[in-house]
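File shown here: entry.cif, holding mmCIF, C-alpha atoms.
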data_upload
#
loop_
_atom_site.label_atom_id
_atom_site.label_comp_id
_atom_site.auth_asym_id
_atom_site.auth_seq_id
_atom_site.Cartn_x
_atom_site.Cartn_y
_atom_site.Cartn_z
CA MET A 54 20.69 -41.33 -10.24
CA LYS A 55 17.30 -41.66 -11.85
CA ALA A 56 18.04 -42.17 -15.54
CA MET A 57 20.88 -42.89 -17.90
CA GLU A 58 21.65 -43.11 -21.57
CA VAL A 59 23.68 -46.14 -22.60
CA THR A 60 24.90 -47.70 -25.83
CA GLY A 61 25.49 -51.34 -26.72
CA ARG A 62 25.75 -53.69 -29.67
CA THR A 63 22.12 -54.71 -29.18
CA VAL A 64 19.21 -53.08 -27.40
CA GLU A 65 19.28 -55.86 -24.80
CA GLU A 66 22.97 -55.39 -24.10
CA ALA A 67 22.49 -51.66 -23.63
CA VAL A 68 19.51 -52.16 -21.32
CA ASN A 69 21.39 -54.72 -19.21
CA LYS A 70 24.30 -52.32 -18.85
CA ALA A 71 21.98 -49.53 -17.75
CA VAL A 72 20.03 -51.51 -15.12
CA ASP A 73 23.34 -52.81 -13.75
CA GLN A 74 24.70 -49.32 -13.34
CA LEU A 75 21.47 -48.01 -11.87
CA GLY A 76 21.45 -50.96 -9.47
CA ILE A 77 17.84 -51.86 -10.24
CA LYS A 78 15.90 -54.77 -11.70
CA LYS A 79 14.54 -54.73 -15.23
CA SER A 80 10.99 -54.71 -13.87
CA ASN A 81 11.77 -51.31 -12.36
CA ALA A 82 13.14 -49.89 -15.60
CA GLN A 83 11.29 -47.74 -18.08
CA ILE A 84 13.04 -48.22 -21.39
CA GLU A 85 13.09 -45.90 -24.35
CA VAL A 86 14.99 -46.96 -27.45
CA LEU A 87 16.64 -43.84 -28.85
CA CYS A 88 18.42 -45.57 -31.67
CA GLU A 89 18.05 -49.08 -33.12
CA PRO A 90 21.32 -50.84 -33.85
CA ASN A 91 22.43 -51.27 -37.40
CA GLN A 92 24.70 -54.10 -38.49
CA GLY A 93 26.06 -52.16 -41.46
CA LEU A 94 27.70 -53.80 -44.42
CA PHE A 95 29.60 -56.97 -43.38
CA GLY A 96 29.28 -55.70 -39.83
CA ILE A 97 31.97 -53.10 -40.46
CA ILE A 98 30.96 -50.27 -42.67
CA GLY A 99 28.29 -48.00 -41.30
CA SER A 100 27.47 -50.14 -38.27
CA LYS A 101 25.69 -48.33 -35.49
CA ASP A 102 25.26 -49.16 -31.81
CA ALA A 103 21.91 -49.31 -30.06
CA ARG A 104 21.22 -46.37 -27.78
CA VAL A 105 18.65 -46.53 -24.98
CA LEU A 106 17.39 -44.26 -22.24
CA VAL A 107 16.60 -46.15 -19.05
CA THR A 108 14.63 -44.46 -16.27
CA LYS A 109 14.04 -45.76 -12.77
CA ARG A 110 10.29 -46.09 -12.21
CA TYR A 111 10.36 -45.96 -8.42
CA GLU A 112 12.89 -45.38 -5.64
CA ALA A 113 13.55 -47.75 -2.76
CA GLU A 114 11.54 -45.71 -0.21
CA GLU A 115 8.50 -45.71 -2.47
CA TYR A 116 8.88 -49.41 -3.11
CA LEU A 117 9.16 -50.25 0.60
CA GLN A 118 6.15 -48.10 1.43
CA LYS A 119 3.93 -49.71 -1.21
CA PHE A 120 5.15 -53.24 -0.53
CA ILE A 121 4.56 -53.04 3.22
CA GLU A 122 1.21 -51.25 2.93
CA LYS A 123 -0.04 -54.00 0.66
CA MET A 124 1.37 -56.68 2.93
CA LEU A 125 -0.48 -55.24 5.94
CA PHE A 126 -3.66 -54.97 3.90
CA LEU A 127 -3.41 -58.62 2.91
CA MET A 128 -2.74 -59.55 6.54
CA GLU A 129 -5.96 -57.73 7.36
CA LEU A 130 -4.12 -55.52 9.82
CA GLY A 131 -4.46 -51.79 10.09
CA GLY A 132 -1.61 -49.42 10.62
CA GLU A 133 0.05 -46.55 8.88
CA VAL A 134 3.44 -46.99 7.26
CA GLU A 135 6.12 -44.32 7.34
CA VAL A 136 9.45 -44.71 5.57
CA THR A 137 12.43 -42.44 6.16
CA SER A 138 16.10 -42.86 5.44
CA SER A 139 19.55 -41.89 6.64
CA GLU A 140 23.03 -42.49 5.21
CA GLU A 141 23.11 -46.11 6.36
CA ASN A 142 19.51 -47.18 6.91
CA TYR A 143 15.90 -47.06 5.87
CA TYR A 144 13.52 -46.78 8.78
CA VAL A 145 10.08 -48.28 8.44
CA ARG A 146 7.66 -47.36 11.19
CA ILE A 147 4.33 -49.06 11.40
CA ASN A 148 1.85 -47.21 13.51
CA ASP A 149 -0.19 -50.06 14.77
CA SER A 150 -2.45 -49.31 17.67
CA SER A 151 -4.35 -52.56 17.52
CA SER A 152 -2.01 -55.36 18.31
CA GLY A 153 1.17 -57.12 19.14
CA ILE A 154 0.55 -59.49 16.25
CA LEU A 155 3.27 -57.86 14.18
CA ILE A 156 5.70 -57.86 17.10
CA GLY A 157 5.35 -61.40 18.39
CA ARG A 158 7.00 -62.98 21.38
CA ARG A 159 10.08 -60.92 22.26
CA GLY A 160 9.91 -59.26 18.88
CA ARG A 161 10.34 -62.46 16.90
CA THR A 162 7.70 -61.65 14.26
CA LEU A 163 9.01 -58.11 13.87
CA ASN A 164 12.59 -59.34 13.45
CA GLU A 165 11.63 -62.03 10.95
CA MET A 166 9.56 -59.51 8.99
CA GLN A 167 12.56 -57.17 9.00
CA TYR A 168 14.78 -59.95 7.65
CA LEU A 169 12.26 -60.67 4.91
CA VAL A 170 11.94 -57.02 3.90
CA ASN A 171 15.74 -56.68 3.79
CA SER A 172 15.99 -59.70 1.49
CA ILE A 173 13.30 -58.27 -0.76
CA LEU A 174 14.94 -54.85 -0.92
CA ARG A 175 18.23 -56.44 -1.97
CA ARG A 176 16.47 -58.45 -4.68
CA GLN A 177 14.64 -55.46 -6.06
CA PHE A 178 17.54 -53.01 -5.76
CA PRO A 179 20.78 -54.97 -6.13
CA GLY A 180 22.74 -51.71 -5.98
CA ILE A 181 21.57 -50.72 -2.51
CA ARG A 182 23.70 -51.48 0.53
CA LYS A 183 21.49 -49.78 3.13
CA ARG A 184 19.68 -51.84 5.72
CA VAL A 185 16.02 -51.64 6.65
CA ILE A 186 15.16 -51.20 10.30
CA MET A 187 11.53 -51.79 11.15
CA ASP A 188 9.54 -50.82 14.18
CA VAL A 189 5.95 -51.33 15.23
CA GLY A 190 4.52 -48.80 17.62
CA ASN A 191 7.47 -47.93 19.82
CA TYR A 192 8.54 -51.49 20.37
CA ARG A 193 12.27 -51.04 19.79
CA GLN A 194 12.53 -48.24 22.33
CA ARG A 195 10.44 -50.12 24.88
CA ARG A 196 12.55 -53.22 24.35
CA GLU A 197 15.73 -51.23 24.92
CA ARG A 198 14.39 -49.95 28.24
CA THR A 199 13.38 -53.47 29.30
CA LEU A 200 16.80 -54.84 28.38
CA ASN A 201 18.59 -52.07 30.29
CA ARG A 202 16.59 -52.93 33.38
CA LEU A 203 17.24 -56.64 32.88
CA ALA A 204 20.98 -55.99 32.56
CA LEU A 205 21.16 -54.03 35.81
CA LYS A 206 19.15 -56.62 37.69
CA ALA A 207 21.32 -59.46 36.42
CA ALA A 208 24.43 -57.51 37.44
CA GLU A 209 23.02 -57.14 40.94
CA ARG A 210 22.48 -60.87 41.07
CA VAL A 211 26.09 -61.48 40.07
CA LEU A 212 27.26 -59.24 42.90
CA ALA A 213 24.92 -60.85 45.42
CA THR A 214 25.78 -64.45 44.55
CA ARG A 215 29.41 -63.88 43.45
CA ARG A 216 28.61 -66.21 40.52
CA GLN A 217 28.21 -65.84 36.77
CA VAL A 218 24.74 -65.23 35.41
CA PHE A 219 23.63 -66.59 32.02
CA LEU A 220 20.94 -64.65 30.17
CA GLU A 221 18.59 -66.33 27.75
CA PRO A 222 19.59 -66.45 24.04
CA MET A 223 19.03 -63.14 22.24
CA THR A 224 19.46 -61.55 18.83
CA PRO A 225 22.73 -59.70 18.14
CA GLN A 226 20.86 -56.38 18.43
CA ASP A 227 19.51 -57.25 21.87
CA ARG A 228 22.88 -58.50 23.07
CA ARG A 229 24.49 -55.29 21.96
CA ILE A 230 22.11 -53.31 24.17
CA ILE A 231 23.05 -55.46 27.18
CA HIS A 232 26.80 -55.15 26.51
CA LEU A 233 26.45 -51.38 26.26
CA ALA A 234 24.31 -51.19 29.39
CA LEU A 235 27.04 -52.82 31.48
CA LYS A 236 30.11 -51.47 29.69
CA GLU A 237 30.74 -48.80 32.30
CA HIS A 238 29.80 -51.01 35.21
CA GLY A 239 32.79 -51.18 37.56
CA GLU A 240 32.23 -54.60 39.06
CA VAL A 241 30.93 -56.89 36.32
CA TYR A 242 31.84 -57.65 32.71
CA THR A 243 29.92 -59.28 29.88
CA TYR A 244 30.67 -61.63 27.03
CA SER A 245 28.68 -63.81 24.61
CA LYS A 246 28.91 -67.54 24.19
CA GLY A 247 27.30 -70.20 22.00
CA GLU A 248 26.29 -70.24 18.37
CA GLU A 249 23.54 -68.23 16.67
CA PRO A 250 20.63 -68.29 17.09
CA ARG A 251 21.22 -69.57 20.63
CA ARG A 252 24.06 -67.22 21.46
CA GLN A 253 23.66 -65.82 24.94
CA ILE A 254 25.25 -63.30 27.27
CA VAL A 255 27.22 -64.25 30.34
CA ILE A 256 27.76 -61.71 33.09
CA GLY A 257 30.73 -62.33 35.37
CA LEU A 258 32.49 -60.70 38.26
CA ARG A 259 35.38 -58.46 37.29
CA MET B 874 -3.74 -65.76 2.93
CA LYS B 875 -2.97 -67.01 -0.56
CA GLN B 876 -2.61 -63.45 -1.82
CA LEU B 877 -0.27 -62.56 1.03
CA VAL B 878 2.05 -65.44 0.13
CA GLU B 879 1.90 -64.48 -3.55
CA HIS B 880 2.74 -60.86 -2.73
CA ILE B 881 5.81 -61.87 -0.74
CA ALA B 882 7.01 -64.61 -3.12
CA ARG B 883 6.70 -62.38 -6.20
CA ALA B 884 8.91 -59.75 -4.57
CA LEU B 885 11.65 -62.31 -3.95
CA VAL B 886 11.98 -64.00 -7.33
CA ASP B 887 13.28 -63.20 -10.79
CA TYR B 888 10.22 -64.67 -12.53
CA PRO B 889 7.17 -63.31 -10.67
CA ASP B 890 4.82 -64.52 -13.42
CA GLN B 891 5.74 -68.09 -12.59
CA VAL B 892 4.79 -67.85 -8.94
CA ASP B 893 1.81 -70.03 -8.16
CA VAL B 894 0.24 -70.49 -4.75
CA GLN B 895 -2.39 -73.08 -3.95
CA GLN B 896 -4.42 -72.94 -0.77
CA VAL B 897 -5.59 -76.23 0.66
CA GLU B 898 -8.17 -75.78 3.40
CA GLY B 899 -8.48 -78.25 6.22
CA GLU B 900 -10.71 -78.21 9.26
CA ARG B 901 -8.29 -76.50 11.58
CA SER B 902 -5.36 -75.91 9.28
CA VAL B 903 -4.47 -74.34 5.98
CA ILE B 904 -1.69 -75.49 3.71
CA LEU B 905 -0.18 -72.98 1.32
CA GLU B 906 1.84 -74.51 -1.47
CA ILE B 907 4.28 -72.25 -3.27
CA ARG B 908 5.57 -73.14 -6.69
CA VAL B 909 8.20 -71.00 -8.44
CA ALA B 910 10.49 -71.27 -11.44
CA PRO B 911 13.30 -73.83 -10.83
CA ASP B 912 15.91 -71.05 -10.84
CA ASP B 913 13.96 -69.20 -8.16
CA MET B 914 13.77 -72.05 -5.62
CA GLY B 915 16.77 -70.83 -3.67
CA LYS B 916 15.41 -67.30 -3.61
CA VAL B 917 12.29 -68.23 -1.62
CA ILE B 918 14.16 -70.66 0.61
CA GLY B 919 17.25 -68.60 1.41
CA LYS B 920 20.47 -69.60 3.09
CA ARG B 921 19.77 -72.41 5.52
CA GLY B 922 16.05 -71.87 4.95
CA ARG B 923 16.05 -68.46 6.60
CA ILE B 924 13.77 -66.79 4.09
CA ALA B 925 11.30 -69.67 4.14
CA LYS B 926 11.29 -69.45 7.92
CA ALA B 927 10.62 -65.70 7.80
CA ILE B 928 7.74 -66.23 5.35
CA ARG B 929 6.27 -68.84 7.71
CA THR B 930 6.52 -66.50 10.69
CA VAL B 931 4.85 -63.58 8.92
CA VAL B 932 2.08 -65.72 7.42
CA GLY B 933 1.62 -67.50 10.75
CA ALA B 934 1.16 -64.13 12.46
CA ALA B 935 -1.51 -63.15 9.95
CA ALA B 936 -3.34 -66.41 10.62
CA LEU B 937 -3.33 -65.96 14.40
CA LYS B 938 -6.64 -64.16 14.51
CA ASP B 939 -8.33 -66.82 12.39
CA ASN B 940 -7.27 -69.41 14.95
CA LYS B 941 -5.94 -71.65 12.24
CA ARG B 942 -2.63 -73.39 11.84
CA VAL B 943 -0.91 -72.41 8.65
CA MET B 944 1.69 -74.48 6.90
CA VAL B 945 3.73 -72.99 4.10
CA GLU B 946 5.36 -75.51 1.80
CA ILE B 947 7.70 -74.76 -1.05
CA ILE B 948 7.16 -77.35 -3.72
CA GLN B 949 9.57 -78.55 -6.35
#
Now, as a test, write the supplied structure out as structure tokens.
Amino acid sequence: MKAMEVTGRTVEEAVNKAVDQLGIKKSNAQIEVLCEPNQGLFGIIGSKDARVLVTKRYEAEEYLQKFIEKMLFLMELGGEVEVTSSEENYYVRINDSSSGILIGRRGRTLNEMQYLVNSILRRQFPGIRKRVIMDVGNYRQRRERTLNRLALKAAERVLATRRQVFLEPMTPQDRRIIHLALKEHGEVYTYSKGEEPRRQIVIGLR
Amino acid sequence: MKQLVEHIARALVDYPDQVDVQQVEGERSVILEIRVAPDDMGKVIGKRGRIAKAIRTVVGAAALKDNKRVMVEIIQ
């Protein structure tokens, strides 16, 4: 929904109702007062509610695009930003040929940036439940391939040594990839132990 | 660097006009001091400091190529 007409006892009350229902912040609202409220005589006779038309200035995709473009500019990094969306997620792809600066060691910078952008989206659009998934270059896909290889190698080591293997701590997303990679494996099984952010995968013999 | 921190902090708070960032330059380090409205403190810090940590990581990444250490402090 892009706009709505709402009434209230005061202009402020009507505006607050409208931004609530649109799930946006006031700074993202264009407000047109259609009708000023009128107290009437003794507040009873001839009193009239305020009526306002509130229009959303920008949508979440637009906001994300502009916010991240400006952030990259201020970081003095190049890169094109592309935002798409599905039912559950927004996907932000940064086409950055120059560097791993935005990715960081094992994706740490990318993941922290993603957390930050998700927090900002929820502040700016309180009504939105979708998550933002960010990628730089093709990092996520490359990481998945690396983790799949790592999982198979670790499983081989379990079979060779007949002992459990502990992987280093990983993010929930990375652990998920490992669990999936070994789900169909006939001879080993996986589970996670420890507390975030040091939760790690253990691979054991079935 | 200062503008980057301002850009991020303003997007997180309810009172963007009250965001103030001071940049203190040292020889090999930069300190960025963020001040926000009292009600907005929690919004730039986050649960268990997670948002502050994310700001530090992103700003730290931007500073990598300048070869400087950056410290981001949120000031009451």
- prompt: Which neighbours of Arg158 of chain A fall inside 12 Å, counting all atoms listed in the file, when residues of the same chain fewer than 5 positions from it are skipped, and could you give them as a ChimeraX atom specification?
  reply: /A:153,163-165,192,196 /B:930,934
message: Could you tell me which residues of chain A sit within 12 Å of chain B when counting all atoms listed in the file, and give me the result as a PyMOL selection string?
response: chain A and resi 78-81+116-117+119-131+152-158+160-179+250
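On the file presented, the PyMOL selection byres ((chain A and resi 216) around 12) picks out Ala207, Ala208, Glu209, Arg210, Val211, Leu212, Ala213, Thr214, Arg215, Gln217, Val218, Phe219, Val241, Val255, Ile256, Gly257, Leu258 and Arg259 of chain A.
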- prompt: How would you write, as a ChimeraX atom specification, the residues chosen by the PyMOL selection byres ((chain B and resi 946) around 6) on this structure?
  reply: /B:906,945,947
- prompt: atom CA of Ile77 of chain A and atom CA of Glu65 of chain A, how far apart in Å?
  reply: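 Result for atom CA of Glu65 of chain A versus atom CA of Ile77 of chain A: 15.2 Å, one decimal.
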task: Name every residue that the PyMOL selection byres ((chain B and resi 897) around 12) selects in this structure, writing the answer as a PyMOL selection string with chains first and numbers rising.
output: chain B and resi 874-875+894-896+898-907+942-946
- prompt: Hey, can you check how far atom CA of Glu135 of chain A sits from atom CA of Arg110 of chain A?
  reply: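 Separation between atom CA of Glu135 of chain A and atom CA of Arg110 of chain A: 20.1 Å.
Note that the spacing between atom CA of His238 of chain A and atom CA of Arg159 of chain A amounts to 25.6 Å.
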message: Around the point (14.1, -44.3, -12.6) (coordinates from the file), which residues reach within 7 Å if we count all atoms listed in the file? Answer as a list in words.
response: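 Output of the proximity query reads Lys55, Ala56, Ala82, Thr108, Lys109, Arg110 and Tyr111 of chain A.
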message: Using all atoms listed in the file, which protein or nucleic acid residues come within 8 Å of Gln891 of chain B? Drop anything in the same chain fewer than 3 positions from it, and give the result as a PyMOL selection string.
response: chain B and resi 888+908-910
Now that the selection is made, can you save its residues with C-alpha atoms as a PDB file, keeping the file's coordinate frame?
ATOM      1  CA  TYR B 888      10.220 -64.670 -12.530  1.00  0.00           C
ATOM      2  CA  ARG B 908       5.570 -73.140  -6.690  1.00  0.00           C
ATOM      3  CA  VAL B 909       8.200 -71.000  -8.440  1.00  0.00           C
ATOM      4  CA  ALA B 910      10.490 -71.270 -11.440  1.00  0.00           C
TER       5      ALA B 910
END
Residue nearest Leu203 of chain A among A:Ile231, A:Met57, A:Val185, A:Met223 (counting only C-alpha atoms):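 Checking each candidate against Leu203 of chain A, we get A:Ile231 as the closest.
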